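File shown: model-v6.txt (compact mmCIF, C-alpha atoms).
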# COMPACT_ATOMS: atom_id res chain seq x y z
CA MET A 1 57.54 -45.98 58.36
CA ALA A 2 54.87 -46.80 55.78
CA THR A 3 53.30 -50.23 55.82
CA GLN A 4 51.92 -52.29 52.95
CA ASP A 5 48.39 -51.33 53.97
CA ASP A 6 49.32 -47.67 53.79
CA HIS A 7 50.37 -48.05 50.15
CA ASP A 8 47.04 -49.76 49.26
CA LEU A 9 44.95 -46.75 50.38
CA PRO A 10 43.71 -44.37 47.59
CA THR A 11 45.73 -41.20 47.42
CA GLY A 12 43.02 -39.06 45.66
CA PRO A 13 43.13 -37.43 42.22
CA SER A 14 46.35 -36.27 40.77
CA GLU A 15 47.17 -32.56 40.57
CA ALA A 16 46.38 -32.57 36.86
CA ALA A 17 42.92 -34.04 37.43
CA ARG A 18 42.11 -31.86 40.44
CA PRO A 19 39.91 -28.81 39.45
CA ASP A 20 41.50 -25.47 40.24
CA ARG A 21 39.87 -22.81 42.38
CA ARG A 22 38.87 -20.62 39.41
CA THR A 23 36.91 -23.46 37.76
CA ILE A 24 35.06 -24.18 40.99
CA LEU A 25 34.18 -20.53 41.55
CA THR A 26 33.03 -20.11 37.93
CA GLY A 27 30.73 -23.07 38.29
CA LEU A 28 29.29 -21.75 41.53
CA VAL A 29 28.64 -18.32 39.98
CA ALA A 30 26.94 -19.88 36.95
CA ALA A 31 24.75 -22.06 39.15
CA SER A 32 23.81 -19.09 41.29
CA ALA A 33 22.96 -16.97 38.24
CA ALA A 34 20.78 -19.72 36.82
CA SER A 35 19.01 -20.06 40.15
CA LEU A 36 18.45 -16.31 40.39
CA GLY A 37 17.23 -16.15 36.77
CA GLY A 38 14.74 -18.91 37.38
CA ALA A 39 13.52 -17.20 40.53
CA ALA A 40 13.13 -13.89 38.67
CA ALA A 41 11.14 -15.58 35.89
CA ALA A 42 8.92 -17.26 38.46
CA ASP A 43 8.38 -13.93 40.23
CA GLU A 44 7.46 -12.31 36.91
CA ARG A 45 4.95 -15.06 36.15
CA ARG A 46 3.39 -14.67 39.59
CA SER A 47 3.20 -10.88 39.20
CA ARG A 48 1.58 -11.23 35.78
CA ALA A 49 -0.95 -13.72 37.09
CA LEU A 50 -1.83 -11.41 39.98
CA ALA A 51 -2.18 -8.44 37.60
CA ASP A 52 -4.43 -10.47 35.29
CA ALA A 53 -6.55 -11.57 38.24
CA ALA A 54 -6.85 -7.96 39.41
CA THR A 55 -7.86 -6.82 35.91
CA ASP A 56 -10.47 -9.58 35.65
CA ALA A 57 -11.88 -8.62 39.04
CA ALA A 58 -12.05 -4.94 38.07
CA LEU A 59 -13.80 -5.76 34.79
CA LYS A 60 -16.33 -7.97 36.55
CA ALA A 61 -17.01 -5.20 39.06
CA LYS A 62 -17.48 -2.47 36.43
CA ILE A 63 -18.99 -4.27 33.41
CA GLU A 64 -22.46 -5.75 33.56
CA HIS A 65 -23.12 -6.46 29.88
CA ILE A 66 -21.05 -7.03 26.75
CA VAL A 67 -22.85 -6.15 23.53
CA VAL A 68 -21.62 -7.77 20.31
CA ILE A 69 -22.77 -5.90 17.20
CA TYR A 70 -22.99 -8.23 14.24
CA ALA A 71 -24.24 -6.81 10.96
CA GLU A 72 -24.42 -8.98 7.87
CA ASN A 73 -21.69 -8.20 5.36
CA ARG A 74 -20.10 -5.65 7.70
CA SER A 75 -16.74 -5.87 9.39
CA PHE A 76 -15.92 -4.12 12.64
CA ASN A 77 -13.56 -1.79 10.78
CA ASN A 78 -16.23 -0.91 8.25
CA LEU A 79 -18.41 0.55 10.99
CA PHE A 80 -16.02 1.37 13.85
CA ALA A 81 -12.59 1.75 12.26
CA ASP A 82 -11.42 4.60 14.50
CA PHE A 83 -13.92 4.40 17.34
CA PRO A 84 -12.53 6.17 20.45
CA GLY A 85 -10.71 3.87 22.86
CA LEU A 86 -9.83 1.10 20.40
CA GLN A 87 -6.62 -0.72 21.21
CA ARG A 88 -5.65 -0.68 17.53
CA PRO A 89 -7.66 1.76 15.40
CA LEU A 90 -7.53 1.26 11.65
CA SER A 91 -5.70 4.56 11.18
CA ALA A 92 -2.81 3.15 13.25
CA VAL A 93 -2.44 0.02 11.10
CA PRO A 94 0.56 0.28 8.74
CA ARG A 95 -0.44 0.64 5.09
CA ASP A 96 1.64 -2.41 4.15
CA ALA A 97 -0.60 -4.55 6.35
CA ALA A 98 -3.68 -3.74 4.25
CA LEU A 99 -2.30 -3.87 0.69
CA GLN A 100 -4.53 -5.73 -1.74
CA ARG A 101 -3.41 -8.08 -4.53
CA ASP A 102 -4.87 -8.99 -7.87
CA ARG A 103 -5.96 -12.54 -8.66
CA ASP A 104 -2.51 -13.33 -10.07
CA GLY A 105 -0.85 -12.31 -6.80
CA ARG A 106 0.52 -8.97 -7.97
CA LEU A 107 0.00 -5.89 -5.80
CA LEU A 108 -2.68 -3.59 -7.14
CA ALA A 109 -1.24 -0.26 -8.27
CA GLN A 110 -4.48 1.42 -7.17
CA LEU A 111 -7.99 0.44 -6.17
CA PRO A 112 -10.50 -0.08 -8.97
CA PRO A 113 -13.73 1.99 -9.12
CA VAL A 114 -16.92 0.87 -7.44
CA TRP A 115 -18.48 -1.18 -10.21
CA GLU A 116 -22.13 -0.20 -10.80
CA GLY A 117 -21.67 2.77 -8.44
CA MET A 118 -21.51 3.18 -4.67
CA VAL A 119 -25.12 4.38 -4.43
CA PRO A 120 -26.64 3.19 -7.74
CA LEU A 121 -30.23 4.24 -7.00
CA GLU A 122 -31.17 7.80 -6.09
CA GLN A 123 -32.12 8.19 -2.43
CA GLU A 124 -33.15 11.08 -0.25
CA ILE A 125 -31.86 11.54 3.30
CA GLU A 126 -32.97 14.51 5.40
CA GLY A 127 -34.04 16.47 2.34
CA ARG A 128 -30.90 15.80 0.30
CA LYS A 129 -30.74 13.49 -2.69
CA TYR A 130 -27.86 11.07 -3.20
CA GLN A 131 -26.79 9.01 -6.19
CA ILE A 132 -23.12 8.03 -6.62
CA GLY A 133 -22.30 6.32 -9.89
CA LEU A 134 -19.33 4.46 -11.33
CA GLN A 135 -17.40 7.54 -12.45
CA ASP A 136 -18.34 9.83 -9.55
CA LEU A 137 -15.52 8.82 -7.22
CA PRO A 138 -11.80 9.56 -7.50
CA THR A 139 -9.03 7.06 -8.12
CA ARG A 140 -7.81 5.77 -4.76
CA ALA A 141 -4.52 4.40 -3.51
CA ASN A 142 -4.20 0.76 -2.50
CA ALA A 143 -5.28 1.33 1.11
CA PRO A 144 -8.35 1.63 3.35
CA PHE A 145 -10.27 4.89 2.95
CA LYS A 146 -13.17 6.78 4.49
CA LEU A 147 -16.46 6.44 2.63
CA ALA A 148 -17.51 9.83 1.33
CA THR A 149 -19.63 11.57 -1.29
CA PRO A 150 -18.01 12.99 -4.45
CA ASP A 151 -17.90 16.32 -2.57
CA GLY A 152 -15.84 14.75 0.21
CA GLU A 153 -18.59 14.72 2.85
CA PRO A 154 -18.88 11.63 5.09
CA LEU A 155 -21.23 9.08 3.56
CA PRO A 156 -24.47 8.94 5.61
CA HIS A 157 -24.96 5.60 7.31
CA GLU A 158 -28.61 5.49 6.26
CA LEU A 159 -27.84 5.23 2.55
CA VAL A 160 -28.39 1.86 0.93
CA THR A 161 -25.05 1.31 -0.77
CA ARG A 162 -23.91 -1.16 -3.41
CA ASP A 163 -24.17 -4.63 -1.88
CA LEU A 164 -21.08 -6.76 -1.29
CA VAL A 165 -20.57 -10.31 -2.52
CA HIS A 166 -22.42 -13.06 -0.63
CA ALA A 167 -20.51 -16.23 -1.49
CA PHE A 168 -18.57 -18.64 0.71
CA TYR A 169 -15.77 -19.43 -1.72
CA ASN A 170 -15.30 -15.77 -2.63
CA ASN A 171 -14.93 -15.00 1.06
CA GLN A 172 -12.34 -17.73 1.48
CA LEU A 173 -10.33 -16.38 -1.45
CA GLN A 174 -10.62 -12.87 -0.03
CA ILE A 175 -9.28 -13.95 3.34
CA ASN A 176 -6.50 -15.86 1.54
CA GLY A 177 -5.36 -17.99 4.44
CA GLY A 178 -5.30 -15.07 6.85
CA ARG A 179 -3.36 -12.69 4.58
CA ASN A 180 -6.55 -10.66 4.01
CA ASP A 181 -5.22 -9.34 0.72
CA GLY A 182 -7.86 -10.59 -1.72
CA PHE A 183 -10.92 -8.57 -0.74
CA VAL A 184 -10.82 -6.36 -3.81
CA ALA A 185 -9.83 -9.02 -6.34
CA TRP A 186 -12.40 -11.59 -5.28
CA GLY A 187 -15.21 -9.19 -4.47
CA ASP A 188 -17.67 -7.57 -6.85
CA THR A 189 -17.63 -3.94 -5.65
CA GLY A 190 -14.12 -2.76 -6.53
CA GLN A 191 -12.70 -0.26 -4.06
CA MET A 192 -15.82 -0.12 -1.90
CA VAL A 193 -14.81 -3.19 0.10
CA MET A 194 -11.88 -1.17 1.46
CA GLY A 195 -14.06 1.75 2.56
CA HIS A 196 -15.13 2.52 6.11
CA TYR A 197 -17.37 5.06 7.78
CA GLY A 198 -15.39 7.93 9.23
CA ASP A 199 -17.80 9.49 11.73
CA THR A 200 -18.84 6.72 14.10
CA SER A 201 -20.24 9.18 16.65
CA LYS A 202 -23.36 9.59 14.49
CA LEU A 203 -23.86 5.91 13.77
CA ARG A 204 -27.51 5.00 14.21
CA LEU A 205 -29.01 1.56 14.68
CA TRP A 206 -31.42 2.29 11.83
CA GLY A 207 -28.41 2.61 9.56
CA LEU A 208 -27.09 -0.75 10.71
CA ALA A 209 -30.29 -2.44 9.65
CA HIS A 210 -30.18 -0.94 6.18
Transcribe the structure of this file into C-alpha cells.
Amino acid sequence: MATQDDHDLPTGPSEAARPDRRTILTGLVAASAASLGGAAAADERRSRALADAATDAALKAKIEHIVVIYAENRSFNNLFADFPGLQRPLSAVPRDAALQRDRDGRLLAQLPPVWEGMVPLEQEIEGRKYQIGLQDLPTRANAPFKLATPDGEPLPHELVTRDLVHAFYNNQLQINGGRNDGFVAWGDTGQMVMGHYGDTSKLRLWGLAH
C-alpha cells in the first residue's frame, strides 16, 4: 500500500516528454560524426605541417643561394615569361586575366602601335643592323606577345629598345588597384609594355644592363 511519502517522490518525465530511442541514436551518430570530422581535419593539418617541414628541410639541404634578378623597368614576365620550371608560365595564364583597358575603362579592341618605334635608333648586333619604327610592326590582339622583329625573329636582348614610362603616378594607374589592366593606357609605349622576350635560354647579363 502506497504511503503519503511515496506519492511525494518524483515519478520522472512523462511519456510525451521522454526522448525516443531514434532521437537518442541520431544524436549519438551526429556527435560521433562531428568528432570524427574534427579528428580528420586535425590529422590533415598535422600531415600538411609535416609535409611543409620536410619540404623546407629539403630546400635548405639542396639550395645554398637564392638570386633575385631586379632590372629597372623590367618585370619578371618581360624577361622570363616562359622560363622552364615556372609554376605558372605566362603562356598558361588565361587571356582574360591580361586584358587591357583604355583610360575610360573600356576594353581595348586591340593594342596600339609602339609610339616612336620599338627600336627608334639604328643599332648593329653581331653584324646585323636593326631599326624598328612606328609602322614596322603588325596590329596585335589585346594580349601579351613575344617581342620580335618585323620578320618574326626573336628580338635580341642586347638591343636598346624604346624606354618605358618612369613615373610613380603612371605606375599606380597602370596597376589599377591590383587589376593590372592599365599598363597600355597609362604608359607611353603603346603595345610594347605587353611584350616579352621569347627565348630566355639566350638571355645574357649584358642585355639586362642595357
So which residues touch stretch 180-196 of chain A within 6 Å, counting only C-alpha atoms, skipping near sequence neighbours fewer than 2 positions away, as a PDB file with C-alpha atoms, in the coordinates of the input?
ATOM      1  CA  ASN A  78     -16.230  -0.910   8.250  1.00  0.00           C
ATOM      2  CA  GLN A 100      -4.530  -5.730  -1.740  1.00  0.00           C
ATOM      3  CA  ARG A 101      -3.410  -8.080  -4.530  1.00  0.00           C
ATOM      4  CA  ASP A 102      -4.870  -8.990  -7.870  1.00  0.00           C
ATOM      5  CA  ARG A 103      -5.960 -12.540  -8.660  1.00  0.00           C
ATOM      6  CA  LEU A 111      -7.990   0.440  -6.170  1.00  0.00           C
ATOM      7  CA  PRO A 112     -10.500  -0.080  -8.970  1.00  0.00           C
ATOM      8  CA  PRO A 113     -13.730   1.990  -9.120  1.00  0.00           C
ATOM      9  CA  VAL A 114     -16.920   0.870  -7.440  1.00  0.00           C
ATOM     10  CA  TRP A 115     -18.480  -1.180 -10.210  1.00  0.00           C
ATOM     11  CA  PRO A 144      -8.350   1.630   3.350  1.00  0.00           C
ATOM     12  CA  PHE A 145     -10.270   4.890   2.950  1.00  0.00           C
ATOM     13  CA  LYS A 146     -13.170   6.780   4.490  1.00  0.00           C
ATOM     14  CA  LEU A 147     -16.460   6.440   2.630  1.00  0.00           C
ATOM     15  CA  VAL A 165     -20.570 -10.310  -2.520  1.00  0.00           C
ATOM     16  CA  ASN A 170     -15.300 -15.770  -2.630  1.00  0.00           C
ATOM     17  CA  GLN A 174     -10.620 -12.870  -0.030  1.00  0.00           C
ATOM     18  CA  ILE A 175      -9.280 -13.950   3.340  1.00  0.00           C
ATOM     19  CA  ASN A 176      -6.500 -15.860   1.540  1.00  0.00           C
ATOM     20  CA  GLY A 178      -5.300 -15.070   6.850  1.00  0.00           C
TER      21      GLY A 178
END
Q.
Which residue is closest to A:Glu153? Choose from A:Tyr130, A:Ala49, A:Ala97, A:Ile63 and count all atoms listed in the file.
A. A:Tyr130
Enclose stretch 98-108 of chain A, meaning all of its atoms listed in the file, in a box aligned along x, y and z, pad it by 3 Å on each side, and list the centre and edge lengths in Å to one decimal, as JSON.
{"center_x": -2.7, "center_y": -8.5, "center_z": -2.9, "size_x": 12.5, "size_y": 15.7, "size_z": 20.3}
**Q.** Nearest residue to A:Pro156 from the set A:Asn142, A:Leu134, A:Gly198, A:Tyr169 (distances using only C-alpha atoms)
**A.** A:Gly198
**Q.** All residues 9 Å or closer to A:Pro150, all atoms listed in the file, same chain fewer than 2 positions away omitted, as a count of residues only
**A.** 7
Hey, what's within 7 Å of stretch 116-121 of chain A if we count all atoms listed in the file and toss same-chain stuff fewer than 6 positions away? As a PDB file with C-alpha atoms, in the coordinates of the input, please?
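Saved the output as around07.pdb:
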ATOM      1  CA  GLN A 131     -26.790   9.010  -6.190  1.00  0.00           C
ATOM      2  CA  ILE A 132     -23.120   8.030  -6.620  1.00  0.00           C
ATOM      3  CA  GLY A 133     -22.300   6.320  -9.890  1.00  0.00           C
ATOM      4  CA  LEU A 134     -19.330   4.460 -11.330  1.00  0.00           C
ATOM      5  CA  VAL A 160     -28.390   1.860   0.930  1.00  0.00           C
ATOM      6  CA  THR A 161     -25.050   1.310  -0.770  1.00  0.00           C
ATOM      7  CA  ARG A 162     -23.910  -1.160  -3.410  1.00  0.00           C
TER       8      ARG A 162
END
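Nearest-residue note for A:Leu79: choosing from A:Val93, A:Leu107, A:Asp52, A:Leu155, the minimum distance belongs to A:Leu155, counting only C-alpha atoms.
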(Q) Please report the interatomic distance between atom CA of A:Glu126 and atom CA of A:His157 in Å with one decimal. (A)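 Between atom CA of A:Glu126 and atom CA of A:His157 the gap is 12.1 Å.
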Q. For A:Leu90, which of A:Tyr197, A:Lys129, A:Asp43, A:His166 is the closest residue, counting only C-alpha atoms?
A.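 Closest residue, counting only C-alpha atoms: A:Tyr197.
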(Q) I need the residue nearest A:Leu173 from this list: A:Leu159, A:Ala81, A:Gly105, A:Arg128. Use only C-alpha atoms for the distance. (A)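 Counting only C-alpha atoms, the residue closest to A:Leu173 is A:Gly105.
Between atom CA of A:Glu72 and atom CA of A:Leu164 the interatomic distance comes to 10.0 Å.
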Q | Atom pair atom CA of A:Glu158 / atom CA of A:Ile125: separation (Å) | A | 7.5 Å
